[in-house]
file target02.txt (compact mmCIF, C-alpha atoms)
# COMPACT_ATOMS: atom_id res chain seq x y z
CA LEU A 24 78.30 161.33 57.06
CA ASP A 25 77.12 158.14 55.33
CA GLU A 26 73.54 158.92 56.34
CA PHE A 27 73.84 162.49 55.09
CA ILE A 28 75.14 161.38 51.68
CA VAL A 29 72.43 158.74 51.29
CA SER A 30 69.67 161.12 52.45
CA ASN A 31 70.72 163.65 49.83
CA LEU A 32 71.74 161.21 47.13
CA GLN A 33 69.20 162.18 44.47
CA ALA A 34 70.18 165.86 44.70
CA LEU A 35 73.89 165.01 44.74
CA ILE A 36 73.86 162.77 41.68
CA LYS A 37 72.29 165.59 39.70
CA GLU A 38 75.51 167.54 40.29
CA THR A 39 78.20 164.88 40.63
CA GLN A 40 79.34 161.33 40.26
CA ILE A 41 80.08 159.82 43.68
CA ILE A 42 82.52 157.19 44.85
CA HIS A 43 81.50 156.74 48.48
CA GLN A 44 83.89 155.01 50.88
CA THR A 45 81.56 153.86 53.64
CA GLY A 46 83.90 151.87 55.86
CA LEU A 47 83.69 148.11 55.99
CA LEU A 48 81.23 148.00 58.91
CA ASN A 49 78.77 150.40 57.26
CA TYR A 50 79.04 149.15 53.69
CA ARG A 51 76.07 146.75 53.47
CA GLU A 52 73.65 149.06 55.27
CA THR A 53 74.76 152.15 53.33
CA GLU A 54 74.51 150.35 50.01
CA ARG A 55 71.02 149.09 50.92
CA LEU A 56 69.87 152.58 51.90
CA ALA A 57 71.43 154.09 48.76
CA ARG A 58 69.56 151.63 46.55
CA ALA A 59 66.34 152.62 48.32
CA ALA A 60 67.16 156.32 47.90
CA LEU A 61 67.66 155.80 44.17
CA LEU A 62 64.49 153.76 43.60
CA GLY A 63 62.85 156.60 41.70
CA VAL A 64 65.81 157.03 39.34
CA PRO A 65 65.24 155.06 36.12
CA LEU A 66 68.03 152.52 35.55
CA ARG A 67 68.47 153.57 31.93
CA THR A 68 69.45 157.12 32.91
CA GLU A 69 73.01 158.26 33.45
CA ALA A 70 72.07 159.35 36.98
CA ALA A 71 71.39 155.75 38.00
CA HIS A 72 75.09 155.01 37.43
CA ARG A 73 76.53 158.05 39.18
CA TYR A 74 76.86 156.52 42.65
CA GLN A 75 79.07 153.71 43.85
CA ALA A 76 79.46 152.63 47.47
CA ILE A 77 82.75 150.95 48.39
CA GLY A 78 83.61 149.57 51.82
CA PHE A 79 87.28 150.52 51.70
CA LEU A 80 89.26 151.88 48.77
CA ASP A 81 92.67 150.33 49.71
CA GLU A 82 94.45 149.70 46.36
CA ASN A 83 91.82 151.75 44.50
CA LEU A 84 92.45 154.88 46.56
CA ARG A 85 95.00 156.27 44.11
CA ASN A 86 92.61 155.85 41.18
CA ALA A 87 89.63 157.29 43.05
CA ILE A 88 91.45 160.39 44.27
CA THR A 89 93.15 160.92 40.91
CA ALA A 90 89.75 160.83 39.20
CA ALA A 91 88.11 163.12 41.76
CA ASP A 92 87.50 166.79 41.07
CA LEU A 93 86.55 167.25 44.74
CA VAL A 94 87.08 165.14 47.86
CA VAL A 95 84.59 165.19 50.73
CA SER A 96 86.12 163.71 53.85
CA ARG A 97 86.48 163.64 57.59
CA ALA A 98 89.54 165.52 58.79
CA GLY A 99 91.87 162.93 60.24
CA SER A 100 95.56 163.51 59.57
CA GLY A 101 95.73 160.52 57.22
CA SER A 102 92.84 161.74 55.12
CA ILE A 103 94.23 165.26 54.89
CA SER A 104 97.67 163.89 53.97
CA GLU A 105 96.16 161.87 51.12
CA ILE A 106 94.15 164.84 49.86
CA ALA A 107 97.27 167.02 50.00
CA ALA A 108 99.47 164.42 48.30
CA PHE A 109 97.11 164.40 45.33
CA GLY A 110 96.54 168.17 45.42
CA LYS A 111 92.76 167.95 45.48
CA PRO A 112 90.25 170.58 46.59
CA SER A 113 88.16 169.32 49.46
CA ILE A 114 85.25 169.82 51.76
CA LEU A 115 86.17 168.63 55.24
CA ILE A 116 83.57 167.61 57.79
CA PRO A 117 85.41 167.07 61.08
CA LEU A 118 84.12 164.37 63.39
CA THR A 119 82.60 166.15 66.38
CA GLU A 120 83.65 163.46 68.85
CA SER A 121 87.29 163.25 67.73
CA ALA A 122 89.86 162.96 70.52
CA ARG A 123 90.86 166.39 71.80
CA ASP A 124 88.94 167.89 68.87
CA HIS A 125 91.88 167.08 66.59
CA GLN A 126 89.78 166.77 63.43
CA ARG A 127 88.38 170.27 63.75
CA ILE A 128 91.88 171.64 64.39
CA ASN A 129 93.25 169.71 61.38
CA ALA A 130 90.42 170.88 59.14
CA TYR A 131 90.85 174.54 59.95
CA GLU A 132 94.64 174.39 59.53
CA PHE A 133 94.16 172.91 56.06
CA ALA A 134 91.42 175.41 55.23
CA LYS A 135 93.54 178.33 56.47
CA LYS A 136 95.99 177.50 53.65
CA GLY A 137 93.14 177.73 51.13
CA ALA A 138 93.03 173.98 50.42
CA ALA A 139 89.60 173.17 51.83
CA VAL A 140 86.20 174.34 52.93
CA VAL A 141 85.15 173.22 56.40
CA ILE A 142 81.56 172.39 57.26
CA GLU A 143 81.13 171.40 60.88
CA GLU A 144 78.60 168.64 61.57
CA ASN A 145 76.10 170.99 63.22
CA ASN A 146 76.13 173.07 60.01
CA LEU A 147 75.91 170.09 57.67
CA LEU A 148 72.67 170.97 55.96
CA PRO A 149 71.78 169.98 52.40
CA GLY A 150 71.60 173.55 51.09
CA ILE A 151 74.94 174.57 52.58
CA PHE A 152 76.66 171.39 51.42
CA LEU A 153 75.25 171.44 47.87
CA ASN A 154 76.10 175.12 47.46
CA GLN A 155 79.71 174.45 48.44
CA VAL A 156 79.95 171.45 46.10
CA LYS A 157 78.50 173.47 43.20
CA GLU A 158 80.72 176.47 43.90
CA ILE A 159 83.93 174.44 43.87
CA LEU A 160 83.00 172.29 40.86
CA LYS A 161 81.73 175.17 38.74
CA ASN A 162 84.41 177.69 39.67
CA LYS A 163 87.53 176.25 38.01
CA ASN A 164 89.66 179.13 39.27
CA LEU A 165 88.66 178.40 42.88
CA ALA A 166 89.19 174.64 42.43
CA ASN A 167 92.63 175.28 40.92
CA LYS A 168 93.65 177.57 43.80
CA MET A 169 92.49 174.95 46.30
CA SER A 170 94.44 172.25 44.44
CA ILE A 171 97.62 174.33 44.49
CA ALA A 172 97.17 175.08 48.20
CA ALA A 173 96.54 171.39 48.98
CA GLY A 174 99.64 170.36 47.06
CA ALA A 175 101.74 172.96 48.88
CA PHE A 176 100.54 171.55 52.20
CA PHE A 177 102.01 168.13 51.35
CA LYS A 178 105.50 167.51 52.68
CA PRO A 179 107.08 164.46 51.00
CA GLY A 180 109.34 162.51 53.33
CA ALA A 181 107.92 164.19 56.45
CA ALA A 182 107.77 160.91 58.38
CA GLU A 183 111.44 160.21 57.74
CA ILE A 184 112.44 163.73 58.76
CA ILE A 185 110.47 163.47 62.00
CA ALA A 186 111.97 160.03 62.74
CA GLN A 187 115.48 161.35 62.13
CA GLU A 188 114.88 164.30 64.46
CA ILE A 189 113.52 161.98 67.15
CA GLN A 190 116.59 159.78 66.78
CA LYS A 191 118.85 162.83 67.13
CA ILE A 192 117.10 163.86 70.34
CA GLY A 193 117.27 160.30 71.65
CA LEU A 194 121.01 160.07 71.03
CA LYS A 195 121.86 163.14 73.08
call {"tool": "encode", "arguments": {"input": "target02.txt", "output": "structure tokens"}}
result
Amino acid sequence: LDEFIVSNLQALIKETQIIHQTGLLNYRETERLARAALLGVPLRTEAAHRYQAIGFLDENLRNAITAADLVVSRAGSGSISEIAAFGKPSILIPLTESARDHQRINAYEFAKKGAAVVIEENNLLPGIFLNQVKEILKNKNLANKMSIAAGAFFKPGAAEIIAQEIQKIGLK
């Protein structure tokens, strides 16, 4: 996913501003490749300032997701929970090699509710991706419906409820 974003960076920054969480291990290489991809973009233009690579968002996650109009992510349960908690429209790209294909299953469950668009890795082509980004960002009605669906997917206190139910079963 990092390679895809960097390879299409010039086209993407024409449409969006990007905060790119690369993962700590990929940060230096992704940032280096992104700088190379943006070599032709004059520093004085707004576009030159529309991309920021970050290794890990940790305490900045809340600010980044709050500011986002669209989240592009893998489809792990933690990522989907964060997207849902903030009620954000999303494009999910499930990791093909995920254990028992759980990311694909997660992505389609979230999408079935209307909260996300799923693009599987073998379909992750620049034209398809950019068209989906443009459609969601330009169609405020669609983005709003996706936000509402994402928010409805979020279940506050779910971990406590599950723990309580497990305790009940364990006590019997």
call {"tool": "atom_distance", "arguments": {"input": "target02.txt", "atom1": "atom CA of A:Gly150", "atom2": "atom CA of A:Glu120"}}
result
23.7 Å
call {"tool": "atom_distance", "arguments": {"input": "target02.txt", "atom1": "atom CA of A:Phe79", "atom2": "atom CA of A:Thr45"}}
result
6.9 Å
call {"tool": "residues_near_point", "arguments": {"input": "target02.txt", "point": "(91.6, 152.1, 48.2)", "cutoff": "12 Å", "atoms": "only C-alpha atoms", "output": "VMD selection string"}}
result
chain A and resid 42 to 47 77 to 89 102 105
call {"tool": "atom_distance", "arguments": {"input": "target02.txt", "atom1": "atom CA of A:Leu24", "atom2": "atom CA of A:Ile116"}}
result
8.2 Å
call {"tool": "residues_around", "arguments": {"input": "target02.txt", "residues": "A:Glu132", "least_positions_apart": "6", "cutoff": "12 Å", "atoms": "all atoms listed in the file", "output": "PyMOL selection string"}}
result
chain A and resi 98-100+103+115+117+125-126+138-141+172-173+176
call {"tool": "residues_around", "arguments": {"input": "target02.txt", "residues": "A:His72", "least_positions_apart": "6", "cutoff": "10 Å", "atoms": "all atoms listed in the file", "output": "number ranges by chain"}}
result
A: 36, 40-41, 64-66
call {"tool": "closest_residue", "arguments": {"input": "target02.txt", "among": "A:Glu144, A:Glu26, A:Glu38, A:Glu183", "to": "A:Ala60", "atoms": "all atoms listed in the file"}}
result
A:Glu26
call {"tool": "residues_around", "arguments": {"input": "target02.txt", "residues": "A:Ile159", "least_positions_apart": "5", "cutoff": "9 Å", "atoms": "all atoms listed in the file", "output": "PDB file with C-alpha atoms, keeping the file's coordinate frame"}}
result
ATOM      1  CA  ASP A  92      87.500 166.790  41.070  1.00  0.00           C
ATOM      2  CA  LEU A  93      86.550 167.250  44.740  1.00  0.00           C
ATOM      3  CA  PRO A 112      90.250 170.580  46.590  1.00  0.00           C
ATOM      4  CA  SER A 113      88.160 169.320  49.460  1.00  0.00           C
ATOM      5  CA  ASN A 154      76.100 175.120  47.460  1.00  0.00           C
ATOM      6  CA  ASN A 164      89.660 179.130  39.270  1.00  0.00           C
ATOM      7  CA  LEU A 165      88.660 178.400  42.880  1.00  0.00           C
ATOM      8  CA  ALA A 166      89.190 174.640  42.430  1.00  0.00           C
ATOM      9  CA  MET A 169      92.490 174.950  46.300  1.00  0.00           C
TER      10      MET A 169
END
call {"tool": "closest_residue", "arguments": {"input": "target02.txt", "among": "A:Ala70, A:Ile142, A:Ala134, A:Ile171", "to": "A:Phe109", "atoms": "all atoms listed in the file"}}
result
A:Ile171
call {"tool": "closest_residue", "arguments": {"input": "target02.txt", "among": "A:Gly101, A:Gly137, A:Ala90, A:Asn129", "to": "A:Lys168", "atoms": "only C-alpha atoms"}}
result
A:Gly137
call {"tool": "closest_residue", "arguments": {"input": "target02.txt", "among": "A:Gly180, A:Gly63, A:Gly110, A:Pro149", "to": "A:Ala34", "atoms": "only C-alpha atoms"}}
result
A:Pro149
call {"tool": "build_atoms", "arguments": {"input": "target02.txt", "residues": "stretch 87-104 of chain A", "atoms": "N, CA, C and O atoms", "output": "PDB file, in the coordinates of the input"}}
result
ATOM      1  N   ALA A  87      90.804 156.503  42.659  1.00  0.00           N
ATOM      2  CA  ALA A  87      89.630 157.290  43.050  1.00  0.00           C
ATOM      3  C   ALA A  87      90.003 158.753  43.280  1.00  0.00           C
ATOM      4  O   ALA A  87      89.308 159.656  42.791  1.00  0.00           O
ATOM      5  N   ILE A  88      91.070 158.994  44.000  1.00  0.00           N
ATOM      6  CA  ILE A  88      91.450 160.390  44.270  1.00  0.00           C
ATOM      7  C   ILE A  88      91.955 161.069  43.001  1.00  0.00           C
ATOM      8  O   ILE A  88      91.664 162.235  42.769  1.00  0.00           O
ATOM      9  N   THR A  89      92.689 160.346  42.175  1.00  0.00           N
ATOM     10  CA  THR A  89      93.150 160.920  40.910  1.00  0.00           C
ATOM     11  C   THR A  89      91.967 161.344  40.046  1.00  0.00           C
ATOM     12  O   THR A  89      91.984 162.408  39.432  1.00  0.00           O
ATOM     13  N   ALA A  90      90.930 160.528  40.017  1.00  0.00           N
ATOM     14  CA  ALA A  90      89.750 160.830  39.200  1.00  0.00           C
ATOM     15  C   ALA A  90      88.887 161.941  39.783  1.00  0.00           C
ATOM     16  O   ALA A  90      88.141 162.594  39.048  1.00  0.00           O
ATOM     17  N   ALA A  91      88.994 162.172  41.076  1.00  0.00           N
ATOM     18  CA  ALA A  91      88.110 163.120  41.760  1.00  0.00           C
ATOM     19  C   ALA A  91      88.418 164.571  41.400  1.00  0.00           C
ATOM     20  O   ALA A  91      89.575 164.971  41.324  1.00  0.00           O
ATOM     21  N   ASP A  92      87.368 165.343  41.209  1.00  0.00           N
ATOM     22  CA  ASP A  92      87.500 166.790  41.070  1.00  0.00           C
ATOM     23  C   ASP A  92      87.387 167.458  42.441  1.00  0.00           C
ATOM     24  O   ASP A  92      87.822 168.588  42.620  1.00  0.00           O
ATOM     25  N   LEU A  93      86.776 166.745  43.391  1.00  0.00           N
ATOM     26  CA  LEU A  93      86.550 167.250  44.740  1.00  0.00           C
ATOM     27  C   LEU A  93      86.487 166.065  45.687  1.00  0.00           C
ATOM     28  O   LEU A  93      85.870 165.052  45.357  1.00  0.00           O
ATOM     29  N   VAL A  94      87.120 166.195  46.848  1.00  0.00           N
ATOM     30  CA  VAL A  94      87.080 165.140  47.860  1.00  0.00           C
ATOM     31  C   VAL A  94      86.295 165.668  49.052  1.00  0.00           C
ATOM     32  O   VAL A  94      86.553 166.772  49.535  1.00  0.00           O
ATOM     33  N   VAL A  95      85.327 164.885  49.508  1.00  0.00           N
ATOM     34  CA  VAL A  95      84.590 165.190  50.730  1.00  0.00           C
ATOM     35  C   VAL A  95      85.039 164.159  51.745  1.00  0.00           C
ATOM     36  O   VAL A  95      84.993 162.956  51.474  1.00  0.00           O
ATOM     37  N   SER A  96      85.491 164.633  52.912  1.00  0.00           N
ATOM     38  CA  SER A  96      86.120 163.710  53.850  1.00  0.00           C
ATOM     39  C   SER A  96      85.990 164.206  55.280  1.00  0.00           C
ATOM     40  O   SER A  96      85.738 165.385  55.539  1.00  0.00           O
ATOM     41  N   ARG A  97      86.208 163.273  56.200  1.00  0.00           N
ATOM     42  CA  ARG A  97      86.480 163.640  57.590  1.00  0.00           C
ATOM     43  C   ARG A  97      87.831 164.318  57.587  1.00  0.00           C
ATOM     44  O   ARG A  97      88.472 164.441  56.535  1.00  0.00           O
ATOM     45  N   ALA A  98      88.316 164.717  58.746  1.00  0.00           N
ATOM     46  CA  ALA A  98      89.540 165.520  58.790  1.00  0.00           C
ATOM     47  C   ALA A  98      90.631 164.903  59.643  1.00  0.00           C
ATOM     48  O   ALA A  98      91.360 165.606  60.332  1.00  0.00           O
ATOM     49  N   GLY A  99      90.750 163.581  59.575  1.00  0.00           N
ATOM     50  CA  GLY A  99      91.870 162.930  60.240  1.00  0.00           C
ATOM     51  C   GLY A  99      93.163 163.275  59.510  1.00  0.00           C
ATOM     52  O   GLY A  99      93.147 163.637  58.331  1.00  0.00           O
ATOM     53  N   SER A 100      94.278 163.145  60.194  1.00  0.00           N
ATOM     54  CA  SER A 100      95.560 163.510  59.570  1.00  0.00           C
ATOM     55  C   SER A 100      95.862 162.657  58.346  1.00  0.00           C
ATOM     56  O   SER A 100      96.407 163.151  57.365  1.00  0.00           O
ATOM     57  N   GLY A 101      95.494 161.372  58.378  1.00  0.00           N
ATOM     58  CA  GLY A 101      95.730 160.520  57.220  1.00  0.00           C
ATOM     59  C   GLY A 101      94.941 160.961  56.012  1.00  0.00           C
ATOM     60  O   GLY A 101      95.471 161.026  54.894  1.00  0.00           O
ATOM     61  N   SER A 102      93.682 161.288  56.220  1.00  0.00           N
ATOM     62  CA  SER A 102      92.840 161.740  55.120  1.00  0.00           C
ATOM     63  C   SER A 102      93.362 163.047  54.526  1.00  0.00           C
ATOM     64  O   SER A 102      93.456 163.186  53.306  1.00  0.00           O
ATOM     65  N   ILE A 103      93.716 163.981  55.379  1.00  0.00           N
ATOM     66  CA  ILE A 103      94.230 165.260  54.890  1.00  0.00           C
ATOM     67  C   ILE A 103      95.550 165.056  54.159  1.00  0.00           C
ATOM     68  O   ILE A 103      95.794 165.669  53.112  1.00  0.00           O
ATOM     69  N   SER A 104      96.400 164.174  54.651  1.00  0.00           N
ATOM     70  CA  SER A 104      97.670 163.890  53.970  1.00  0.00           C
ATOM     71  C   SER A 104      97.437 163.333  52.577  1.00  0.00           C
ATOM     72  O   SER A 104      98.130 163.715  51.625  1.00  0.00           O
TER      73      SER A 104
END
